[in-house]
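Engineer: Before I ask anything, let me first share the structure, which is written out below as structure tokens.
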Amino acid sequence: MQVCFEVNGRDVEVVVEPRLTLADCLRHHLRLTGTHVGCEHGVCGACTVLFDGNAVRSCLILAVQAEGSKIVTVEGLSKDDGLTPLQASFRRHHALQCGSCTPGMITTAHALLSAEPDCDADRVREVLSGNLCRCTGYVSIVEAVLDARAAYKSGAS
Ligand code: FES
Ligand code: FES
């Protein structure tokens, strides 16, 4: 089937099998390998992307369901070659180790901070509870997200 949608501000057109997930479409057809795949059944959150502004698990969505939508992957969060304030905060706080969960963490946190730049630590933990990390223990991740709030409040995100 032919599917047309927007990815990171660019119109794309792909021909896919109806059963292909959006995650695999992004990675294998569009070479956007920043979106990671872990569990492939909606548990780990590694595959999170923005779908019309909402954080969703791209392993649970078929590529054909993206028809006409606007998708943003972790590659599309930066407006230039540099790190976003949220990404820089993850680096500053050592909020990643293997990096497997990191694109999903950052995409989920970006959606949260865009909607709720005043969120507190409990809210960050609640929203990120759907993103599993096997390495960091979460403390540094929560600190990184909290530290990035100022950039979202000031519009520098
Ligand atoms: S790969 Fe999609 S939630 Fe785990
Ligand atoms: S940094 Fe390794 S799974 Fe999170």
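Lettering and numbering for the structure tokens are positional, with chains as A, B, ... in the shown order, residues counted from 1 in each chain, and ligands counted from 1 in the shown order.
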Select from chain A every residue with an atom at most 7 Å from any atom of ligand 2, then for each give the shortest pair of atoms and their distance in Å to one decimal, using only C-alpha atoms and all ligand atoms, rows by chain and rising number, as JSON lines.
Structural biologist:
{"residue": "A:Leu96", "atom": "CA", "partner": "ligand 2", "partner_atom_place_in_ligand_line": "1 (S)", "distance": 4.1}
{"residue": "A:Gln97", "atom": "CA", "partner": "ligand 2", "partner_atom_place_in_ligand_line": "1 (S)", "distance": 4.0}
{"residue": "A:Cys98", "atom": "CA", "partner": "ligand 2", "partner_atom_place_in_ligand_line": "2 (Fe)", "distance": 3.9}
{"residue": "A:Gly99", "atom": "CA", "partner": "ligand 2", "partner_atom_place_in_ligand_line": "1 (S)", "distance": 4.3}
{"residue": "A:Ser100", "atom": "CA", "partner": "ligand 2", "partner_atom_place_in_ligand_line": "3 (S)", "distance": 4.8}
{"residue": "A:Cys101", "atom": "CA", "partner": "ligand 2", "partner_atom_place_in_ligand_line": "4 (Fe)", "distance": 4.3}
{"residue": "A:Thr102", "atom": "CA", "partner": "ligand 2", "partner_atom_place_in_ligand_line": "4 (Fe)", "distance": 5.9}
{"residue": "A:Leu132", "atom": "CA", "partner": "ligand 2", "partner_atom_place_in_ligand_line": "3 (S)", "distance": 6.8}
{"residue": "A:Cys133", "atom": "CA", "partner": "ligand 2", "partner_atom_place_in_ligand_line": "4 (Fe)", "distance": 3.7}
{"residue": "A:Arg134", "atom": "CA", "partner": "ligand 2", "partner_atom_place_in_ligand_line": "3 (S)", "distance": 4.2}
{"residue": "A:Cys135", "atom": "CA", "partner": "ligand 2", "partner_atom_place_in_ligand_line": "2 (Fe)", "distance": 4.4}
{"residue": "A:Thr136", "atom": "CA", "partner": "ligand 2", "partner_atom_place_in_ligand_line": "1 (S)", "distance": 5.7}
Engineer: Write out the residues from the selection above, keeping N, CA, C and O atoms, as a PDB file, in the first residue's frame.
Structural biologist:
ATOM      1  N   LEU A  96      21.948   8.676  30.675  1.00  0.00           N
ATOM      2  CA  LEU A  96      21.897   7.536  29.758  1.00  0.00           C
ATOM      3  C   LEU A  96      23.160   6.725  29.903  1.00  0.00           C
ATOM      4  O   LEU A  96      24.214   7.245  30.285  1.00  0.00           O
ATOM      5  N   GLN A  97      23.020   5.459  29.625  1.00  0.00           N
ATOM      6  CA  GLN A  97      24.202   4.594  29.593  1.00  0.00           C
ATOM      7  C   GLN A  97      24.258   3.905  28.237  1.00  0.00           C
ATOM      8  O   GLN A  97      24.925   4.380  27.337  1.00  0.00           O
ATOM      9  N   CYS A  98      23.499   2.822  28.056  1.00  0.00           N
ATOM     10  CA  CYS A  98      23.583   2.151  26.747  1.00  0.00           C
ATOM     11  C   CYS A  98      22.873   2.942  25.657  1.00  0.00           C
ATOM     12  O   CYS A  98      23.166   2.789  24.485  1.00  0.00           O
ATOM     13  N   GLY A  99      21.902   3.779  26.051  1.00  0.00           N
ATOM     14  CA  GLY A  99      21.207   4.607  25.069  1.00  0.00           C
ATOM     15  C   GLY A  99      20.021   3.940  24.403  1.00  0.00           C
ATOM     16  O   GLY A  99      19.342   4.571  23.589  1.00  0.00           O
ATOM     17  N   SER A 100      19.746   2.705  24.753  1.00  0.00           N
ATOM     18  CA  SER A 100      18.647   2.002  24.094  1.00  0.00           C
ATOM     19  C   SER A 100      17.300   2.673  24.354  1.00  0.00           C
ATOM     20  O   SER A 100      16.470   2.820  23.461  1.00  0.00           O
ATOM     21  N   CYS A 101      17.100   3.103  25.584  1.00  0.00           N
ATOM     22  CA  CYS A 101      15.819   3.719  25.943  1.00  0.00           C
ATOM     23  C   CYS A 101      15.775   5.207  25.651  1.00  0.00           C
ATOM     24  O   CYS A 101      14.707   5.819  25.704  1.00  0.00           O
ATOM     25  N   THR A 102      16.925   5.808  25.381  1.00  0.00           N
ATOM     26  CA  THR A 102      17.038   7.269  25.392  1.00  0.00           C
ATOM     27  C   THR A 102      16.158   7.997  24.363  1.00  0.00           C
ATOM     28  O   THR A 102      15.521   9.002  24.717  1.00  0.00           O
ATOM     29  N   LEU A 132      10.846   2.164  29.915  1.00  0.00           N
ATOM     30  CA  LEU A 132      11.714   1.333  30.747  1.00  0.00           C
ATOM     31  C   LEU A 132      13.184   1.554  30.420  1.00  0.00           C
ATOM     32  O   LEU A 132      13.559   1.644  29.258  1.00  0.00           O
ATOM     33  N   CYS A 133      13.989   1.663  31.496  1.00  0.00           N
ATOM     34  CA  CYS A 133      15.433   1.763  31.343  1.00  0.00           C
ATOM     35  C   CYS A 133      16.071   0.663  32.170  1.00  0.00           C
ATOM     36  O   CYS A 133      15.750   0.501  33.341  1.00  0.00           O
ATOM     37  N   ARG A 134      16.970  -0.083  31.564  1.00  0.00           N
ATOM     38  CA  ARG A 134      17.623  -1.178  32.271  1.00  0.00           C
ATOM     39  C   ARG A 134      18.954  -0.755  32.885  1.00  0.00           C
ATOM     40  O   ARG A 134      19.612  -1.550  33.528  1.00  0.00           O
ATOM     41  N   CYS A 135      19.370   0.493  32.655  1.00  0.00           N
ATOM     42  CA  CYS A 135      20.730   0.883  33.063  1.00  0.00           C
ATOM     43  C   CYS A 135      20.795   1.928  34.166  1.00  0.00           C
ATOM     44  O   CYS A 135      21.591   1.802  35.082  1.00  0.00           O
ATOM     45  N   THR A 136      20.026   3.009  34.053  1.00  0.00           N
ATOM     46  CA  THR A 136      20.369   4.212  34.812  1.00  0.00           C
ATOM     47  C   THR A 136      19.760   4.296  36.204  1.00  0.00           C
ATOM     48  O   THR A 136      20.232   5.063  37.028  1.00  0.00           O
TER      49      THR A 136
END
Engineer: Between chain A and ligand 1, at 9 Å or less, what are the per-residue closest atom pairs and their distances in Å? Count only C-alpha atoms and all ligand atoms, order by chain and rising residue number, and return it as a Markdown table.
Structural biologist:
| residue | atom | partner | partner_atom_place_in_ligand_line | distance |
| --- | --- | --- | --- | --- |
| A:Ala23 | CA | ligand 1 | 2 (Fe) | 7.7 |
| A:His36 | CA | ligand 1 | 1 (S) | 6.8 |
| A:Val37 | CA | ligand 1 | 1 (S) | 4.0 |
| A:Gly38 | CA | ligand 1 | 1 (S) | 4.0 |
| A:Cys39 | CA | ligand 1 | 4 (Fe) | 3.9 |
| A:Glu40 | CA | ligand 1 | 1 (S) | 3.8 |
| A:His41 | CA | ligand 1 | 3 (S) | 5.5 |
| A:Gly42 | CA | ligand 1 | 3 (S) | 3.3 |
| A:Val43 | CA | ligand 1 | 3 (S) | 4.4 |
| A:Cys44 | CA | ligand 1 | 4 (Fe) | 3.8 |
| A:Gly45 | CA | ligand 1 | 3 (S) | 3.9 |
| A:Ala46 | CA | ligand 1 | 4 (Fe) | 5.3 |
| A:Cys47 | CA | ligand 1 | 2 (Fe) | 4.5 |
| A:Thr48 | CA | ligand 1 | 2 (Fe) | 6.7 |
| A:Val56 | CA | ligand 1 | 3 (S) | 8.8 |
| A:Arg57 | CA | ligand 1 | 2 (Fe) | 5.1 |
| A:Ser58 | CA | ligand 1 | 2 (Fe) | 6.0 |
| A:Cys59 | CA | ligand 1 | 2 (Fe) | 4.3 |
| A:Leu60 | CA | ligand 1 | 2 (Fe) | 6.5 |
| A:Gly104 | CA | ligand 1 | 3 (S) | 8.9 |
| A:Gly130 | CA | ligand 1 | 3 (S) | 8.4 |
| A:Asn131 | CA | ligand 1 | 3 (S) | 7.9 |
| A:Leu132 | CA | ligand 1 | 4 (Fe) | 8.6 |
Engineer: May I have the residues from that selection written out with N, CA, C and O atoms, as a CSV table (one decimal), in the first residue's frame?
Structural biologist:
chain,number,residue,atom,x,y,z
A,23,ALA,N,7.1,1.8,13.4
A,23,ALA,CA,8.5,1.7,13.9
A,23,ALA,C,9.4,1.2,12.8
A,23,ALA,O,10.5,1.7,12.5
A,36,HIS,N,14.2,3.6,18.4
A,36,HIS,CA,14.6,2.2,18.8
A,36,HIS,C,13.5,1.3,19.0
A,36,HIS,O,12.3,1.7,19.2
A,37,VAL,N,13.8,0.0,18.8
A,37,VAL,CA,12.7,-1.0,19.0
A,37,VAL,C,13.3,-2.0,20.1
A,37,VAL,O,14.4,-2.5,20.0
A,38,GLY,N,12.5,-2.2,21.1
A,38,GLY,CA,12.9,-3.1,22.2
A,38,GLY,C,11.9,-4.3,22.3
A,38,GLY,O,12.2,-5.3,21.7
A,39,CYS,N,10.8,-4.1,23.0
A,39,CYS,CA,9.9,-5.2,23.2
A,39,CYS,C,9.0,-5.6,22.0
A,39,CYS,O,8.5,-6.7,21.9
A,40,GLU,N,8.7,-4.6,21.2
A,40,GLU,CA,7.8,-4.7,20.0
A,40,GLU,C,6.4,-5.1,20.4
A,40,GLU,O,5.7,-5.6,19.6
A,41,HIS,N,6.0,-4.8,21.7
A,41,HIS,CA,4.6,-5.0,22.0
A,41,HIS,C,4.1,-4.0,23.0
A,41,HIS,O,3.3,-4.3,23.8
A,42,GLY,N,4.6,-2.8,22.9
A,42,GLY,CA,4.0,-1.7,23.6
A,42,GLY,C,4.4,-1.5,25.1
A,42,GLY,O,3.7,-0.8,25.8
A,43,VAL,N,5.4,-2.2,25.6
A,43,VAL,CA,5.7,-2.2,27.0
A,43,VAL,C,6.9,-1.2,27.3
A,43,VAL,O,6.9,-0.5,28.3
A,44,CYS,N,7.9,-1.2,26.5
A,44,CYS,CA,9.2,-0.6,26.9
A,44,CYS,C,9.3,0.9,26.6
A,44,CYS,O,10.0,1.7,27.2
A,45,GLY,N,8.6,1.4,25.6
A,45,GLY,CA,8.6,2.8,25.2
A,45,GLY,C,9.7,3.3,24.4
A,45,GLY,O,9.8,4.4,24.0
A,46,ALA,N,10.7,2.4,24.0
A,46,ALA,CA,11.8,2.8,23.3
A,46,ALA,C,11.5,3.3,21.9
A,46,ALA,O,12.2,4.1,21.3
A,47,CYS,N,10.3,2.9,21.4
A,47,CYS,CA,9.9,3.3,20.0
A,47,CYS,C,9.1,4.5,20.0
A,47,CYS,O,8.5,4.8,18.9
A,48,THR,N,9.0,5.3,21.1
A,48,THR,CA,8.1,6.4,21.1
A,48,THR,C,8.4,7.5,20.1
A,48,THR,O,9.6,7.9,20.0
A,56,VAL,N,3.5,8.5,21.1
A,56,VAL,CA,2.8,7.2,20.9
A,56,VAL,C,3.9,6.1,20.7
A,56,VAL,O,5.1,6.5,20.4
A,57,ARG,N,3.5,4.9,20.8
A,57,ARG,CA,4.5,3.8,20.6
A,57,ARG,C,4.4,3.4,19.2
A,57,ARG,O,3.3,2.8,18.7
A,58,SER,N,5.4,3.6,18.4
A,58,SER,CA,5.3,3.3,17.0
A,58,SER,C,5.4,1.8,16.7
A,58,SER,O,5.1,1.5,15.5
A,59,CYS,N,5.6,1.0,17.7
A,59,CYS,CA,5.5,-0.5,17.4
A,59,CYS,C,4.1,-1.0,17.5
A,59,CYS,O,3.8,-2.1,17.0
A,60,LEU,N,3.2,-0.1,18.0
A,60,LEU,CA,1.8,-0.5,18.1
A,60,LEU,C,0.9,0.1,17.0
A,60,LEU,O,-0.3,-0.1,17.0
A,104,GLY,N,13.3,7.2,23.2
A,104,GLY,CA,11.9,7.2,23.8
A,104,GLY,C,11.8,8.0,25.0
A,104,GLY,O,10.7,8.7,25.2
A,130,GLY,N,6.1,4.7,31.8
A,130,GLY,CA,5.9,3.8,30.6
A,130,GLY,C,7.1,3.6,29.8
A,130,GLY,O,7.0,3.0,28.7
A,131,ASN,N,8.2,4.2,30.2
A,131,ASN,CA,9.5,4.1,29.4
A,131,ASN,C,10.5,3.3,30.3
A,131,ASN,O,10.9,3.8,31.4
A,132,LEU,N,10.8,2.2,29.9
A,132,LEU,CA,11.7,1.3,30.7
A,132,LEU,C,13.2,1.6,30.4
A,132,LEU,O,13.6,1.6,29.3
Engineer: Mind checking DSSP for segment 2-150 of chain A and telling me the strand (DSSP E or B) residues as a ChimeraX atom specification?
Structural biologist: /A:2-7,10-15,21,48-51,54-57,62,70-72
Engineer: From a DSSP calculation on the backbone, collect every residue of segment 11-70 of chain A in helix (DSSP H, G or I) and output the set as a list in words.
Structural biologist: Leu22, Ala23, Asp24, Cys25, Leu26, Arg27, His28, His29, Ala63, Val64, Gln65 and Ala66 of chain A
Engineer: Residues of the last selection are to be written out with N, CA and C atoms, as an mmCIF file, in the first residue's frame.
Structural biologist:
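Contents of selection02.cif, as written:
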data_model
loop_
_atom_site.group_PDB
_atom_site.id
_atom_site.type_symbol
_atom_site.label_atom_id
_atom_site.label_comp_id
_atom_site.auth_asym_id
_atom_site.auth_seq_id
_atom_site.Cartn_x
_atom_site.Cartn_y
_atom_site.Cartn_z
ATOM 1 N N LEU A 22 4.768 1.163 12.149
ATOM 2 C CA LEU A 22 5.358 2.481 11.896
ATOM 3 C C LEU A 22 6.826 2.480 12.321
ATOM 4 N N ALA A 23 7.141 1.796 13.427
ATOM 5 C CA ALA A 23 8.535 1.741 13.891
ATOM 6 C C ALA A 23 9.443 1.155 12.812
ATOM 7 N N ASP A 24 9.038 0.046 12.241
ATOM 8 C CA ASP A 24 9.872 -0.580 11.216
ATOM 9 C C ASP A 24 9.901 0.249 9.944
ATOM 10 N N CYS A 25 8.802 0.924 9.646
ATOM 11 C CA CYS A 25 8.780 1.810 8.475
ATOM 12 C C CYS A 25 9.782 2.941 8.653
ATOM 13 N N LEU A 26 9.784 3.547 9.838
ATOM 14 C CA LEU A 26 10.715 4.647 10.099
ATOM 15 C C LEU A 26 12.154 4.159 10.006
ATOM 16 N N ARG A 27 12.420 3.017 10.591
ATOM 17 C CA ARG A 27 13.808 2.530 10.651
ATOM 18 C C ARG A 27 14.289 1.960 9.316
ATOM 19 N N HIS A 28 13.464 1.135 8.702
ATOM 20 C CA HIS A 28 13.955 0.396 7.542
ATOM 21 C C HIS A 28 13.639 1.060 6.204
ATOM 22 N N HIS A 29 12.508 1.748 6.105
ATOM 23 C CA HIS A 29 12.181 2.412 4.842
ATOM 24 C C HIS A 29 12.742 3.822 4.801
ATOM 25 N N ALA A 63 2.140 1.378 9.809
ATOM 26 C CA ALA A 63 2.581 2.491 8.963
ATOM 27 C C ALA A 63 1.401 3.073 8.176
ATOM 28 N N VAL A 64 0.483 2.226 7.748
ATOM 29 C CA VAL A 64 -0.644 2.721 6.943
ATOM 30 C C VAL A 64 -1.555 3.641 7.760
ATOM 31 N N GLN A 65 -1.519 3.511 9.081
ATOM 32 C CA GLN A 65 -2.333 4.390 9.929
ATOM 33 C C GLN A 65 -1.753 5.805 10.009
ATOM 34 N N ALA A 66 -0.530 5.970 9.532
ATOM 35 C CA ALA A 66 0.103 7.293 9.581
ATOM 36 C C ALA A 66 -0.310 8.171 8.402
#
Engineer: For a test of reading the model, state the distance in Å between atom CA of Tyr138 of chain A and atom CA of Ala88 of chain A, rounded to one decimal.
Structural biologist: 16.7 Å
Engineer: Return the single residue from A:Val7, A:Cys119, A:Ala156, A:Ala150 that is closest to Leu83 of chain A, with distances computed using only C-alpha atoms.
Structural biologist: A:Ala156
Engineer: If we count only C-alpha atoms and set the cut-off at 12 Å, which residues sit around Val72 of chain A, ignoring sequence neighbours fewer than 6 positions away in its own chain? Please answer as an NGL selection string.
Structural biologist: :A and (5-11 or 22-23 or 26 or 32 or 34-35 or 47-56 or 58 or 66 or 78-79 or 103-104 or 106-108 or 110-111)
Engineer: Looking at A:Thr33, A:Ser114, A:Ser154, A:Ser89, which one is nearest to Val142 of chain A, with distances taken over only C-alpha atoms?
Structural biologist: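 Under the stated criterion, the closest residue is A:Ser89.
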Engineer: Hey, can you check how far atom CA of Pro117 of chain A sits from atom CA of Lys70 of chain A?
Structural biologist: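 Spanning atom CA of Pro117 of chain A to atom CA of Lys70 of chain A is a straight-line distance of 22.4 Å.
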Engineer: Quick one: distance from atom CA of Met1 of chain A to atom CA of Val15 of chain A in Å, one decimal?
Structural biologist: 5.3 Å
Engineer: At a cut-off of 8 Å, using only C-alpha atoms, what residues contact Arg149 of chain A? Leave out same-chain residues fewer than 2 positions from it and give the result as a VMD selection string.
Structural biologist: chain A and resid 113 117 to 118 145 to 147 151 to 153
Engineer: So that I have them on file, write out the residues from the current selection with C-alpha atoms, as a PDB file, in the first residue's frame.
Structural biologist:
ATOM      1  CA  LEU A 113       7.490  19.487  28.862  1.00  0.00           C
ATOM      2  CA  PRO A 117       6.568  22.993  31.480  1.00  0.00           C
ATOM      3  CA  ASP A 118       5.764  23.432  35.178  1.00  0.00           C
ATOM      4  CA  VAL A 145      13.935  16.362  32.641  1.00  0.00           C
ATOM      5  CA  LEU A 146      13.344  18.671  35.602  1.00  0.00           C
ATOM      6  CA  ASP A 147      16.448  20.675  34.729  1.00  0.00           C
ATOM      7  CA  ALA A 151      14.111  25.985  28.446  1.00  0.00           C
ATOM      8  CA  TYR A 152      10.497  25.020  27.751  1.00  0.00           C
ATOM      9  CA  LYS A 153       9.158  27.837  29.913  1.00  0.00           C
TER      10      LYS A 153
END
